[in-house]
$ cat model11.cif   # mmCIF, C-alpha atoms
data_model
#
loop_
_atom_site.label_atom_id
_atom_site.label_comp_id
_atom_site.auth_asym_id
_atom_site.auth_seq_id
_atom_site.Cartn_x
_atom_site.Cartn_y
_atom_site.Cartn_z
CA MET A 58 155.36 -78.55 219.16
CA MET A 59 158.84 -78.09 217.75
CA ARG A 60 158.21 -80.95 215.34
CA GLN A 61 155.03 -79.35 214.11
CA LEU A 62 156.93 -76.15 213.51
CA ILE A 63 159.56 -78.05 211.56
CA HIS A 64 156.83 -79.65 209.48
CA LEU A 65 155.35 -76.25 208.72
CA VAL A 66 158.69 -74.77 207.73
CA LEU A 67 159.56 -77.74 205.56
CA LEU A 68 156.15 -77.69 203.92
CA LEU A 69 156.58 -74.01 203.19
CA LEU A 70 160.01 -74.77 201.73
CA ALA A 71 158.47 -77.52 199.61
CA VAL A 72 155.87 -75.07 198.28
CA LEU A 73 158.64 -72.59 197.52
CA LEU A 74 160.72 -75.15 195.68
CA GLN A 75 157.65 -76.47 193.93
CA ASN A 76 156.88 -73.05 192.53
CA SER A 77 160.35 -71.81 191.74
CA VAL A 78 163.09 -74.29 190.94
CA ILE A 79 161.05 -77.34 190.05
CA ASP A 80 161.35 -76.48 186.38
CA LEU A 81 165.02 -77.38 186.62
CA ILE A 82 164.13 -81.05 186.87
CA ALA A 83 161.01 -81.02 184.75
CA ILE A 84 160.88 -83.68 182.06
CA ARG A 85 158.61 -82.82 179.14
CA GLY A 86 156.48 -80.72 181.42
CA ALA A 87 156.11 -83.37 184.10
CA CYS A 88 157.22 -82.26 187.55
CA PRO A 89 157.44 -84.16 190.81
CA ASN A 90 155.14 -82.93 193.54
CA LEU A 91 157.50 -82.06 196.39
CA VAL A 92 154.67 -80.93 198.62
CA LEU A 93 152.99 -84.28 198.29
CA ILE A 94 156.23 -86.09 199.00
CA TYR A 95 156.66 -84.23 202.25
CA LEU A 96 153.00 -84.73 203.06
CA LEU A 97 153.62 -88.46 202.71
CA ILE A 98 156.56 -88.21 205.07
CA ILE A 99 154.24 -86.53 207.54
CA ALA A 100 151.73 -89.31 206.93
CA ILE A 101 154.37 -91.87 207.79
CA ARG A 102 155.49 -90.10 210.91
CA GLU A 103 152.32 -88.56 212.23
CA GLN A 104 148.74 -89.49 212.87
CA ARG A 105 146.13 -89.44 210.17
CA LEU A 106 144.37 -86.40 211.59
CA THR A 107 147.60 -84.45 211.68
CA THR A 108 148.32 -85.28 208.03
CA THR A 109 144.81 -84.25 207.06
CA VAL A 110 145.15 -80.88 208.79
CA TYR A 111 148.58 -80.31 207.27
CA GLY A 112 147.15 -81.17 203.86
CA PHE A 113 144.41 -78.61 204.34
CA ALA A 114 146.84 -75.95 205.61
CA VAL A 115 149.41 -76.32 202.89
CA GLY A 116 146.70 -76.55 200.23
CA LEU A 117 145.11 -73.37 201.51
CA PHE A 118 148.48 -71.61 201.45
CA GLN A 119 149.07 -72.76 197.88
CA ASP A 120 145.61 -71.56 196.94
CA ALA A 121 146.24 -68.16 198.41
CA ALA A 122 149.77 -67.77 197.12
CA VAL A 123 149.86 -69.42 193.73
CA SER A 124 146.78 -71.39 192.76
CA GLY A 125 144.29 -68.63 192.16
CA ILE A 126 141.23 -70.72 193.05
CA LEU A 127 140.83 -70.45 196.79
CA GLY A 128 139.86 -73.78 198.32
CA LEU A 129 140.81 -76.00 195.38
CA GLN A 130 144.18 -77.22 196.60
CA ALA A 131 142.92 -77.18 200.16
CA PHE A 132 140.10 -79.54 199.24
CA VAL A 133 142.26 -81.93 197.26
CA LYS A 134 145.20 -81.97 199.66
CA THR A 135 142.88 -82.54 202.62
CA LEU A 136 141.56 -85.65 200.90
CA VAL A 137 144.99 -86.79 199.83
CA GLY A 138 146.38 -86.15 203.30
CA PHE A 139 143.59 -88.16 204.83
CA ILE A 140 144.07 -91.09 202.46
CA GLY A 141 147.84 -90.96 202.92
CA GLY A 142 147.36 -90.93 206.67
CA THR A 143 145.05 -93.92 206.37
CA LEU A 144 147.56 -95.85 204.26
CA PHE A 145 150.31 -95.42 206.83
CA SER A 146 148.32 -95.48 210.00
CA SER A 147 148.50 -99.19 210.59
CA ARG A 148 151.27 -100.98 212.44
CA ARG A 149 152.17 -102.93 209.39
CA ALA A 150 155.84 -102.95 208.64
CA GLN A 151 156.88 -100.47 205.99
CA THR A 152 158.50 -101.75 202.87
CA TRP A 153 160.41 -99.76 200.26
CA TRP A 154 157.73 -100.06 197.61
CA ARG A 155 154.80 -99.09 199.78
CA PRO A 156 155.51 -95.34 200.00
CA THR A 157 156.52 -95.31 196.33
CA VAL A 158 153.30 -96.91 195.16
CA ALA A 159 151.34 -94.75 197.57
CA LEU A 160 152.98 -91.64 196.20
CA PHE A 161 152.12 -92.62 192.65
CA ALA A 162 148.51 -93.30 193.56
CA LEU A 163 148.15 -90.19 195.68
CA ASP A 164 149.68 -87.87 193.14
CA LEU A 165 147.59 -89.38 190.37
CA LEU A 166 144.49 -88.85 192.47
CA HIS A 167 145.67 -85.36 193.36
CA ASN A 168 146.29 -84.38 189.74
CA VAL A 169 143.06 -85.86 188.45
CA LEU A 170 141.03 -84.17 191.16
CA ILE A 171 142.70 -80.84 190.50
CA ALA A 172 142.05 -81.22 186.78
CA LEU A 173 138.44 -82.29 187.37
CA LEU A 174 137.69 -79.44 189.71
CA SER A 175 139.35 -76.81 187.56
CA SER A 176 138.87 -77.75 183.93
CA PHE A 177 139.40 -81.34 182.99
CA ASP A 178 139.64 -81.94 179.29
CA PRO A 179 140.22 -85.56 178.20
CA ASN A 180 141.08 -84.38 174.71
CA ARG A 181 143.94 -82.38 176.14
CA ASN A 182 145.61 -85.52 177.48
CA ASP A 183 145.08 -84.39 181.05
CA LEU A 184 145.06 -88.00 182.21
CA ILE A 185 148.39 -88.78 180.57
CA SER A 186 149.88 -85.63 181.99
CA ALA A 187 148.56 -86.47 185.46
CA SER A 188 149.93 -90.01 185.24
CA THR A 189 153.34 -88.85 184.06
CA SER A 190 153.63 -86.38 186.90
CA ALA A 191 152.45 -88.97 189.37
CA LEU A 192 155.05 -91.43 188.17
CA TYR A 193 157.73 -88.79 188.42
CA THR A 194 156.58 -87.90 191.91
CA ALA A 195 156.77 -91.56 192.91
CA VAL A 196 160.30 -91.88 191.59
CA VAL A 197 161.52 -88.71 193.29
CA GLY A 198 159.66 -89.68 196.45
CA PHE A 199 161.35 -93.06 196.44
CA ILE A 200 164.75 -91.37 196.14
CA VAL A 201 163.94 -88.90 198.89
CA LEU A 202 162.64 -91.61 201.21
CA SER A 203 165.71 -93.71 200.51
CA LEU A 204 167.82 -90.85 201.79
CA VAL A 205 165.71 -90.37 204.91
CA PRO A 206 167.04 -92.17 208.01
CA GLU A 207 165.52 -95.53 208.61
CA ARG A 208 163.69 -94.50 211.76
CA VAL A 209 161.33 -92.49 209.61
CA TRP A 210 160.19 -95.69 208.03
CA CYS A 211 159.01 -96.79 211.35
CA HIS A 212 155.62 -95.72 212.56
CA SER A 213 155.10 -92.63 214.70
CA SER A 214 155.31 -94.87 217.73
CA ALA A 215 159.01 -94.88 217.07
CA PHE A 216 158.97 -91.27 218.18
CA GLY A 217 157.26 -92.12 221.39
CA GLU A 218 153.70 -91.60 220.19
CA GLU A 219 150.97 -94.10 219.87
CA PRO A 220 149.37 -94.46 216.49
CA TYR A 221 145.87 -93.12 216.37
CA ASP A 222 144.08 -96.12 214.96
CA MET B 1132 128.00 -102.86 210.03
CA SER B 1133 127.01 -101.22 213.29
CA SER B 1134 130.44 -101.85 214.77
CA LEU B 1135 131.99 -100.29 211.72
CA PHE B 1136 129.73 -97.27 212.09
CA ARG B 1137 130.56 -96.98 215.76
CA LYS B 1138 134.25 -97.19 215.03
CA TYR B 1139 134.10 -94.30 212.59
CA ALA B 1140 131.57 -92.33 214.57
CA VAL B 1141 133.79 -92.11 217.59
CA SER B 1142 136.81 -91.27 215.50
CA ARG B 1143 137.78 -87.63 215.52
CA ASP B 1144 139.22 -87.90 212.05
CA TYR B 1145 136.01 -88.00 210.08
CA PRO B 1146 134.30 -84.98 211.60
CA VAL B 1147 137.49 -83.00 211.13
CA LEU B 1148 137.85 -84.28 207.58
CA MET B 1149 134.26 -83.32 206.80
CA LEU B 1150 134.72 -79.94 208.38
CA LEU B 1151 137.88 -79.22 206.40
CA LEU B 1152 136.32 -80.40 203.14
CA VAL B 1153 133.23 -78.27 203.74
CA VAL B 1154 135.42 -75.27 204.50
CA ALA B 1155 137.42 -75.88 201.33
CA LEU B 1156 134.29 -76.29 199.23
CA GLY B 1157 132.82 -73.19 200.83
CA LEU B 1158 135.92 -71.28 199.85
CA ILE B 1159 135.69 -72.59 196.30
CA PHE B 1160 132.09 -71.52 195.89
CA LEU B 1161 132.02 -68.39 198.01
CA ALA B 1162 135.46 -66.84 198.09
CA ASN B 1163 136.32 -66.89 194.42
CA ASP B 1164 133.68 -64.50 193.10
CA GLN B 1165 135.41 -61.52 194.65
CA THR B 1166 137.04 -59.19 192.22
CA GLN B 1167 139.85 -58.38 194.64
CA ASN B 1168 142.07 -60.62 196.73
CA GLY B 1169 141.50 -60.69 200.45
CA PRO B 1170 144.18 -59.57 202.91
CA ALA B 1171 145.24 -63.15 203.71
CA GLN B 1172 145.67 -63.88 200.05
CA ARG B 1173 147.70 -60.72 199.57
CA VAL B 1174 149.96 -61.67 202.49
CA ALA B 1175 150.45 -65.18 201.09
CA VAL B 1176 151.25 -63.89 197.65
CA ASP B 1177 153.64 -61.32 199.07
CA LEU B 1178 155.37 -63.91 201.24
CA MET B 1179 155.66 -66.28 198.34
CA GLY B 1180 157.04 -63.54 196.13
CA ARG B 1181 159.66 -62.46 198.66
CA LEU B 1182 160.87 -65.97 199.35
CA ALA B 1183 160.78 -67.17 195.78
CA VAL B 1184 162.89 -64.34 194.37
CA PRO B 1185 166.31 -65.79 195.38
CA LEU B 1186 165.31 -69.23 194.16
CA GLY B 1187 163.99 -67.77 190.93
CA THR B 1188 167.33 -66.04 190.44
CA LEU B 1189 169.04 -69.42 190.60
CA VAL B 1190 166.81 -70.72 187.86
CA GLU B 1191 167.44 -67.63 185.76
CA LEU B 1192 171.21 -68.02 186.17
CA ARG B 1193 170.99 -71.58 184.94
CA HIS B 1194 169.12 -70.51 181.85
CA LEU B 1195 171.22 -67.42 181.29
CA LYS B 1196 174.07 -69.08 179.43
CA SER B 1197 171.93 -71.05 177.02
CA GLU B 1198 169.64 -68.07 176.54
CA ASN B 1199 172.65 -65.91 175.78
CA GLU B 1200 173.86 -68.34 173.14
CA ASP B 1201 170.39 -68.52 171.64
CA LEU B 1202 170.18 -64.76 171.51
CA ARG B 1203 173.56 -64.51 169.81
CA LEU B 1204 172.46 -66.93 167.14
CA GLU B 1205 169.16 -65.13 166.77
CA ASN B 1206 170.98 -61.83 166.51
CA ALA B 1207 173.22 -63.10 163.73
CA ARG B 1208 170.25 -64.54 161.89
CA LEU B 1209 168.30 -61.30 162.23
CA ARG B 1210 171.24 -59.27 160.98
CA LEU B 1211 171.40 -61.35 157.84
CA GLU B 1212 167.65 -61.11 157.47
CA GLN B 1213 167.81 -57.36 157.91
CA LEU B 1214 170.44 -57.03 155.19
CA ARG B 1215 168.36 -59.13 152.83
CA LEU B 1216 165.19 -57.17 153.57
CA ARG B 1217 166.99 -53.86 153.19
CA GLU B 1218 168.17 -54.93 149.76
CA ALA B 1219 164.66 -56.02 148.83
CA GLU B 1220 163.23 -52.77 150.12
CA LEU B 1221 165.60 -50.68 148.05
CA GLU B 1222 164.79 -52.72 144.99
CA ASN B 1223 161.10 -52.39 145.70
CA VAL B 1224 161.29 -48.63 146.09
CA ARG B 1225 163.30 -48.31 142.90
CA LEU B 1226 160.94 -50.46 140.87
CA ARG B 1227 157.83 -48.78 142.25
CA ARG B 1228 159.22 -45.40 141.39
CA LEU B 1229 160.13 -46.63 137.98
CA LEU B 1230 156.79 -48.12 137.25
CA HIS B 1231 154.48 -45.32 138.37
CA LEU B 1232 151.79 -47.61 137.09
CA ASP B 1233 149.07 -45.02 136.76
CA TYR B 1234 151.28 -42.74 134.77
CA LEU B 1235 152.73 -45.49 132.62
CA ASN B 1236 149.33 -46.86 131.73
CA ARG B 1237 148.45 -43.58 130.11
CA TYR B 1238 151.60 -43.19 128.10
CA ASP B 1239 152.46 -46.62 126.77
CA ALA B 1240 155.68 -46.94 128.61
CA LEU B 1241 158.28 -49.54 127.88
CA PRO B 1242 160.60 -50.58 130.69
CA ALA B 1243 164.20 -51.31 129.78
CA ARG B 1244 167.29 -52.52 131.54
CA VAL B 1245 170.48 -50.49 131.35
CA LEU B 1246 173.12 -52.61 129.65
CA GLY B 1247 176.01 -50.18 129.39
CA ARG B 1248 177.22 -46.61 129.62
CA ASN B 1249 179.43 -44.36 127.58
CA ARG B 1250 181.03 -41.37 129.27
CA ILE B 1251 183.53 -40.59 126.52
CA GLY B 1252 182.34 -38.21 123.86
CA ILE B 1253 178.59 -38.16 123.81
CA HIS B 1254 177.26 -39.47 127.10
CA THR B 1255 174.95 -42.35 126.35
CA LEU B 1256 173.38 -45.43 127.83
CA VAL B 1257 172.76 -48.74 126.12
CA VAL B 1258 169.34 -50.15 126.96
CA SER B 1259 167.83 -53.56 126.39
CA VAL B 1260 165.02 -52.66 123.96
CA GLY B 1261 165.06 -51.76 120.29
CA LYS B 1262 163.02 -51.60 117.13
CA SER B 1263 161.59 -55.04 117.74
CA ASN B 1264 159.96 -53.49 120.80
CA GLY B 1265 158.62 -50.53 118.90
CA VAL B 1266 161.41 -48.16 119.85
CA VAL B 1267 162.37 -45.43 117.41
CA GLU B 1268 164.76 -42.48 117.53
CA HIS B 1269 163.90 -39.46 119.69
CA MET B 1270 161.59 -41.24 122.03
CA PRO B 1271 161.85 -39.79 125.54
CA VAL B 1272 163.56 -41.87 128.18
CA ILE B 1273 162.73 -41.36 131.84
CA SER B 1274 163.45 -42.94 135.17
CA SER B 1275 161.63 -42.85 138.44
CA ASP B 1276 163.35 -39.55 139.24
CA GLY B 1277 162.76 -37.68 136.03
CA LEU B 1278 164.06 -37.11 132.53
CA VAL B 1279 166.99 -39.30 131.49
CA GLY B 1280 167.34 -38.42 127.83
CA LYS B 1281 166.07 -39.57 124.47
CA ILE B 1282 166.68 -42.46 122.09
CA LEU B 1283 169.68 -41.66 119.95
CA HIS B 1284 169.92 -44.84 117.93
CA ALA B 1285 167.45 -47.68 117.88
CA GLY B 1286 168.90 -51.09 117.09
CA GLU B 1287 166.87 -54.23 116.61
CA SER B 1288 167.03 -55.36 120.19
CA ALA B 1289 168.97 -52.58 121.92
CA SER B 1290 169.18 -48.84 121.74
CA THR B 1291 171.41 -46.02 122.80
CA VAL B 1292 170.06 -43.21 124.90
CA HIS B 1293 171.39 -39.71 124.60
CA LEU B 1294 171.70 -38.57 128.18
CA LEU B 1295 170.54 -35.32 129.62
CA ALA B 1296 173.97 -35.22 131.21
CA ASP B 1297 175.68 -34.45 127.90
CA ARG B 1298 176.79 -31.05 126.70
CA ASN B 1299 175.07 -31.55 123.38
CA PHE B 1300 171.69 -32.17 124.95
CA ARG B 1301 169.07 -29.41 125.05
CA VAL B 1302 165.54 -29.45 126.35
CA ALA B 1303 162.94 -26.71 126.76
CA ALA B 1304 162.22 -26.37 130.47
CA ARG B 1305 160.48 -24.16 132.99
CA VAL B 1306 160.35 -23.47 136.69
CA ARG B 1307 157.47 -25.48 138.06
CA ARG B 1308 156.48 -22.92 140.65
CA SER B 1309 156.67 -19.66 138.68
CA ARG B 1310 156.42 -21.12 135.14
CA ALA B 1311 159.46 -19.10 134.01
CA GLU B 1312 160.82 -20.68 130.83
CA GLY B 1313 164.31 -21.39 129.56
CA ILE B 1314 166.50 -23.96 127.87
CA PHE B 1315 168.21 -26.61 129.93
CA GLN B 1316 171.69 -27.64 128.90
CA TRP B 1317 174.44 -29.57 130.57
CA LEU B 1318 177.59 -27.91 131.86
CA GLU B 1319 180.84 -29.40 133.02
CA GLY B 1320 180.83 -31.44 136.22
CA ASP B 1321 177.54 -32.61 137.62
CA GLU B 1322 175.30 -29.66 136.96
CA GLY B 1323 173.42 -28.07 134.12
CA GLU B 1324 171.93 -24.66 133.66
CA LEU B 1325 168.62 -23.18 132.76
CA ALA B 1326 169.57 -20.62 130.19
CA GLY B 1327 167.52 -17.82 128.73
CA VAL B 1328 165.45 -17.03 131.85
CA HIS B 1329 164.65 -13.33 132.04
CA HIS B 1330 166.31 -11.49 134.89
CA ARG B 1331 162.93 -10.42 136.29
CA ALA B 1332 161.57 -13.95 136.38
CA ASP B 1333 160.82 -15.43 139.76
CA VAL B 1334 163.33 -18.19 140.37
CA ALA B 1335 164.69 -19.34 143.71
CA VAL B 1336 167.13 -21.94 144.91
CA GLY B 1337 165.25 -25.19 145.44
CA ASP B 1338 162.76 -24.64 142.65
CA THR B 1339 162.03 -27.71 140.56
CA ILE B 1340 162.79 -27.43 136.88
CA VAL B 1341 160.53 -29.46 134.59
CA THR B 1342 160.18 -29.91 130.86
CA SER B 1343 158.00 -27.18 129.42
CA GLY B 1344 156.33 -29.17 126.67
CA MET B 1345 157.47 -26.66 124.07
CA SER B 1346 159.64 -29.32 122.53
CA SER B 1347 158.17 -31.73 120.06
CA ILE B 1348 159.95 -34.58 121.78
CA PHE B 1349 159.39 -34.33 125.52
CA PRO B 1350 156.05 -34.16 127.26
CA LYS B 1351 155.33 -31.42 129.72
CA GLY B 1352 156.17 -31.68 133.40
CA LEU B 1353 159.02 -34.18 133.47
CA PRO B 1354 161.43 -33.25 136.28
CA VAL B 1355 164.81 -32.18 135.01
CA GLY B 1356 166.50 -30.89 138.13
CA ILE B 1357 166.52 -28.57 141.11
CA ALA B 1358 167.78 -25.01 140.97
CA SER B 1359 170.94 -25.05 143.06
CA ARG B 1360 172.21 -21.51 142.46
CA VAL B 1361 170.54 -18.41 141.11
CA GLU B 1362 172.53 -15.30 140.14
CA ILE B 1363 171.04 -12.11 138.80
CA GLY B 1364 173.57 -9.74 137.31
CA GLN B 1365 172.88 -5.96 137.22
CA SER B 1366 173.65 -5.43 133.59
CA VAL B 1367 172.67 -8.73 132.03
CA LEU B 1368 169.37 -9.71 130.53
CA PHE B 1369 169.25 -13.31 131.74
CA GLN B 1370 169.67 -15.00 135.06
CA GLN B 1371 172.34 -17.61 135.63
CA ILE B 1372 170.55 -20.59 137.06
CA ARG B 1373 172.46 -23.69 137.98
CA VAL B 1374 170.44 -26.89 138.03
CA ARG B 1375 171.34 -30.11 139.77
CA PRO B 1376 169.68 -33.06 137.94
CA THR B 1377 167.07 -35.15 139.73
CA VAL B 1378 168.37 -38.30 138.10
CA ASP B 1379 171.53 -39.96 139.35
CA PHE B 1380 172.94 -41.07 136.01
CA ASP B 1381 175.69 -43.15 137.56
CA ARG B 1382 173.25 -45.42 139.37
CA LEU B 1383 170.62 -46.00 136.73
CA GLU B 1384 169.68 -49.64 136.41
CA GLU B 1385 166.28 -49.44 134.80
CA VAL B 1386 164.69 -46.81 132.59
CA THR B 1387 161.37 -46.35 130.88
CA ILE B 1388 160.84 -45.36 127.28
CA LEU B 1389 157.71 -43.41 126.43
CA ARG B 1390 156.87 -45.31 123.31
CA SER B 1391 153.84 -43.70 121.69
CA GLY B 1392 151.35 -40.94 122.13
CA TRP B 1393 153.82 -38.94 124.13
CA ASN B 1394 154.02 -36.06 121.63
CA THR B 1395 150.33 -35.73 120.91
CA LEU B 1396 149.04 -35.31 124.41
CA ALA B 1397 146.24 -32.85 124.89
CA ASP B 1398 146.60 -32.82 128.66
CA PRO B 1399 150.23 -33.18 129.60
CA PHE B 1400 151.01 -34.75 132.91
CA GLU B 1401 152.80 -33.52 135.95
CA PHE B 1402 155.28 -36.20 136.71
CA ARG B 1403 156.22 -36.07 140.37
CA PRO B 1404 158.85 -38.50 141.48
CA ALA B 1405 159.25 -39.28 145.13
CA GLY B 1406 160.78 -36.43 147.05
CA PHE B 1407 159.54 -33.66 144.81
#
$ encode --input "model11.cif" --output "structure tokens"
Amino acid sequence: MMRQLIHLVLLLLAVLLQNSVIDLIAIRGACPNLVLIYLLIIAIREQRLTTTVYGFAVGLFQDAAVSGILGLQAFVKTLVGFIGGTLFSSRRAQTWWRPTVALFALDLLHNVLIALLSSFDPNRNDLISASTSALYTAVVGFIVLSLVPERVWCHSSAFGEEPYD
Amino acid sequence: MSSLFRKYAVSRDYPVLMLLLVVALGLIFLANDQTQNGPAQRVAVDLMGRLAVPLGTLVELRHLKSENEDLRLENARLRLEQLRLREAELENVRLRRLLHLDYLNRYDALPARVLGRNRIGIHTLVVSVGKSNGVVEHMPVISSDGLVGKILHAGESASTVHLLADRNFRVAARVRRSRAEGIFQWLEGDEGELAGVHHRADVAVGDTIVTSGMSSIFPKGLPVGIASRVEIGQSVLFQQIRVRPTVDFDRLEEVTILRSGWNTLADPFEFRPAGF
């Protein structure tokens, strides 16, 4: 229960940082997605269902607080959370590149879906923008995960829980 | 295939995923057509606002220094721009006053640049036009503010202008408001007087004095000056009216010479410079 609370607080912090100070590290408009990075950490540590629910919850909060289109972020982050949970739900050993590549793919998917559901315009270079941000997210995610203690790289069973699948 | 279906069917994940996606889609299609935010949305926005303020301040502090430098540079640039525009504005006002296009079109006016001044003896100006431009002696010279004088000598390409601000200069004038007539002449200092105005004539301080048209040289209605002091003695026949000229003779840069037709006008004009 305490861990769930910590996840919630840290997700809220990620949303706060994402919507306030992220501009400090923006490169040509591309920003890393801190919320997605933490969602991936949850995916690594928790079960797939938990990640999916967290994705929905944090997406809904972002919708209500900053997004403007209620349900948009909730929809996309639910999907992304589910896919992330699926990617890290197996007992396969984690390698350094796996979360990084996953982050890139997930953020790319996230950005494209958001753009498609809001107003995707290929002439506006939405795809390039989405890819750039996804790459940036992957890089930052890699750095963050490198700083996280090694036990996080292990599956949730390392915390005394059995993986769901 | 059936084992795969069974595997996913018994999983809790998919029903929950479907439920959450349906809820999210429902929100997208149903909750966004409201004109006002719901209470949950207001709470979220408020929470976000309260928590983000300190972090936002950090960002602002980071940008403050560079923004300050940018603003300093911008300020310096705008100051220079303002000076340049002010100069252009003054020039524009002066030239527009000088031109009075409508008026000039009717009176064949010739613009001229002031080349020099003479304040010793007869007060004159040297202007940049002469006989080659059709200028002859006695032509009236005006500026945007009123009567300047008349052509004293016309050279081939330059002329001298006898200034109103000379003791030897006389011009028939009248009070624009009451039409009281007199003769304007220059006194010592920076004022002239309207002499020969009957002591019963209606003249007040602030009245505009214009040329009367009685002269064969100057057209009617050219501003000469403003009555600055009016004295009516008990035992004298004429009023003593001091007149401050409308033209600043020390700052003249351009003048206009009324070249032809000026002394045969059937319907004299009322020349009103700015401010009168």
$ residues_around --input "model11.cif" --residues "Ala100 (chain A)" --least-positions-apart "5" --cutoff "8 Å" --atoms "only C-alpha atoms" --output "MDAnalysis selection string"
chainID A and resid 105 107:108 138 141:142 145:146
$ write_last_selection --input "model11.cif" --atoms "C-alpha atoms" --output "compact mmCIF listing (two decimals), keeping the file's coordinate frame"
# COMPACT_ATOMS: atom_id res chain seq x y z
CA ARG A 105 146.13 -89.44 210.17
CA THR A 107 147.60 -84.45 211.68
CA THR A 108 148.32 -85.28 208.03
CA GLY A 138 146.38 -86.15 203.30
CA GLY A 141 147.84 -90.96 202.92
CA GLY A 142 147.36 -90.93 206.67
CA PHE A 145 150.31 -95.42 206.83
CA SER A 146 148.32 -95.48 210.00
$ closest_atom_pairs --input "model11.cif" --of "chain A" --to "chain B" --cutoff "8 Å" --atoms "only C-alpha atoms" --output "CSV"
residue,atom,partner,partner_atom,distance
A:Leu73,CA,B:Ala1183,CA,6.1
A:Leu74,CA,B:Leu1186,CA,7.6
A:Asn76,CA,B:Ala1183,CA,7.8
A:Ser77,CA,B:Gly1187,CA,5.5
A:Val78,CA,B:Val1190,CA,6.0
A:Leu81,CA,B:Val1190,CA,7.0
A:Arg105,CA,B:Asp1144,CA,7.3
A:Leu106,CA,B:Asp1144,CA,5.4
A:Thr109,CA,B:Leu1148,CA,7.0
A:Val110,CA,B:Leu1151,CA,7.8
A:Phe113,CA,B:Leu1151,CA,6.9
A:Phe118,CA,B:Ala1175,CA,6.7
A:Ala121,CA,B:Gln1172,CA,4.6
A:Ala122,CA,B:Val1176,CA,4.2
A:Val123,CA,B:Val1176,CA,6.9
A:Ile126,CA,B:Asn1163,CA,6.4
A:Leu127,CA,B:Ile1159,CA,5.6
A:Gly128,CA,B:Ala1155,CA,4.4
A:Leu129,CA,B:Ile1159,CA,6.2
A:Ala131,CA,B:Ala1155,CA,5.8
A:Phe132,CA,B:Ala1155,CA,5.0
A:Thr135,CA,B:Leu1152,CA,6.9
A:Leu136,CA,B:Leu1152,CA,7.7
A:Phe139,CA,B:Leu1148,CA,7.5
$ write_last_selection --input "model11.cif" --atoms "C-alpha atoms" --output "short mmCIF file (atom, residue, chain, number, x, y, z; two decimals), in the coordinates of the input"
data_model
loop_
_atom_site.label_atom_id
_atom_site.label_comp_id
_atom_site.auth_asym_id
_atom_site.auth_seq_id
_atom_site.Cartn_x
_atom_site.Cartn_y
_atom_site.Cartn_z
CA LEU A 73 158.64 -72.59 197.52
CA LEU A 74 160.72 -75.15 195.68
CA ASN A 76 156.88 -73.05 192.53
CA SER A 77 160.35 -71.81 191.74
CA VAL A 78 163.09 -74.29 190.94
CA LEU A 81 165.02 -77.38 186.62
CA ARG A 105 146.13 -89.44 210.17
CA LEU A 106 144.37 -86.40 211.59
CA THR A 109 144.81 -84.25 207.06
CA VAL A 110 145.15 -80.88 208.79
CA PHE A 113 144.41 -78.61 204.34
CA PHE A 118 148.48 -71.61 201.45
CA ALA A 121 146.24 -68.16 198.41
CA ALA A 122 149.77 -67.77 197.12
CA VAL A 123 149.86 -69.42 193.73
CA ILE A 126 141.23 -70.72 193.05
CA LEU A 127 140.83 -70.45 196.79
CA GLY A 128 139.86 -73.78 198.32
CA LEU A 129 140.81 -76.00 195.38
CA ALA A 131 142.92 -77.18 200.16
CA PHE A 132 140.10 -79.54 199.24
CA THR A 135 142.88 -82.54 202.62
CA LEU A 136 141.56 -85.65 200.90
CA PHE A 139 143.59 -88.16 204.83
#
$ atom_distance --input "model11.cif" --atom1 "CA of Leu1209 (chain B)" --atom2 "CA of Leu1195 (chain B)"
20.2 Å
$ residues_around --input "model11.cif" --residues "Leu1295 (chain B)" --least-positions-apart "3" --cutoff "10 Å" --atoms "only C-alpha atoms" --output "ChimeraX atom specification"
/B:1254-1255,1272,1278-1281,1292,1298-1302,1315-1317,1323,1355,1376,1378,1380
$ residues_near_point --input "model11.cif" --point "(157.2, -25.3, 127.7)" --cutoff "12 Å" --atoms "all atoms listed in the file" --output "MDAnalysis selection string"
chainID B and resid 1302:1307 1310:1315 1340:1353 1399
$ residues_near_point --input "model11.cif" --point "(147.3, -88.4, 185.7)" --cutoff "9 Å" --atoms "only C-alpha atoms" --output "number ranges by chain"
A: 164-169, 172, 182-192
$ atom_distance --input "model11.cif" --atom1 "CA of Leu1192 (chain B)" --atom2 "CA of Leu93 (chain A)"
27.3 Å
$ atom_distance --input "model11.cif" --atom1 "CA of Phe161 (chain A)" --atom2 "CA of Leu65 (chain A)"
23.2 Å
$ residues_around --input "model11.cif" --residues "Lys1262 (chain B)" --least-positions-apart "2" --cutoff "7 Å" --atoms "all atoms listed in the file" --output "PyMOL selection string"
chain B and resi 1264-1267+1285-1288
$ residues_around --input "model11.cif" --residues "Ser1259 (chain B)" --least-positions-apart "6" --cutoff "6 Å" --atoms "only C-alpha atoms" --output "mmCIF file with C-alpha atoms, keeping the file's coordinate frame"
data_model
loop_
_atom_site.group_PDB
_atom_site.id
_atom_site.type_symbol
_atom_site.label_atom_id
_atom_site.label_comp_id
_atom_site.auth_asym_id
_atom_site.auth_seq_id
_atom_site.Cartn_x
_atom_site.Cartn_y
_atom_site.Cartn_z
ATOM 1 C CA ALA B 1243 164.200 -51.310 129.780
ATOM 2 C CA ARG B 1244 167.290 -52.520 131.540
ATOM 3 C CA ALA B 1289 168.970 -52.580 121.920
#
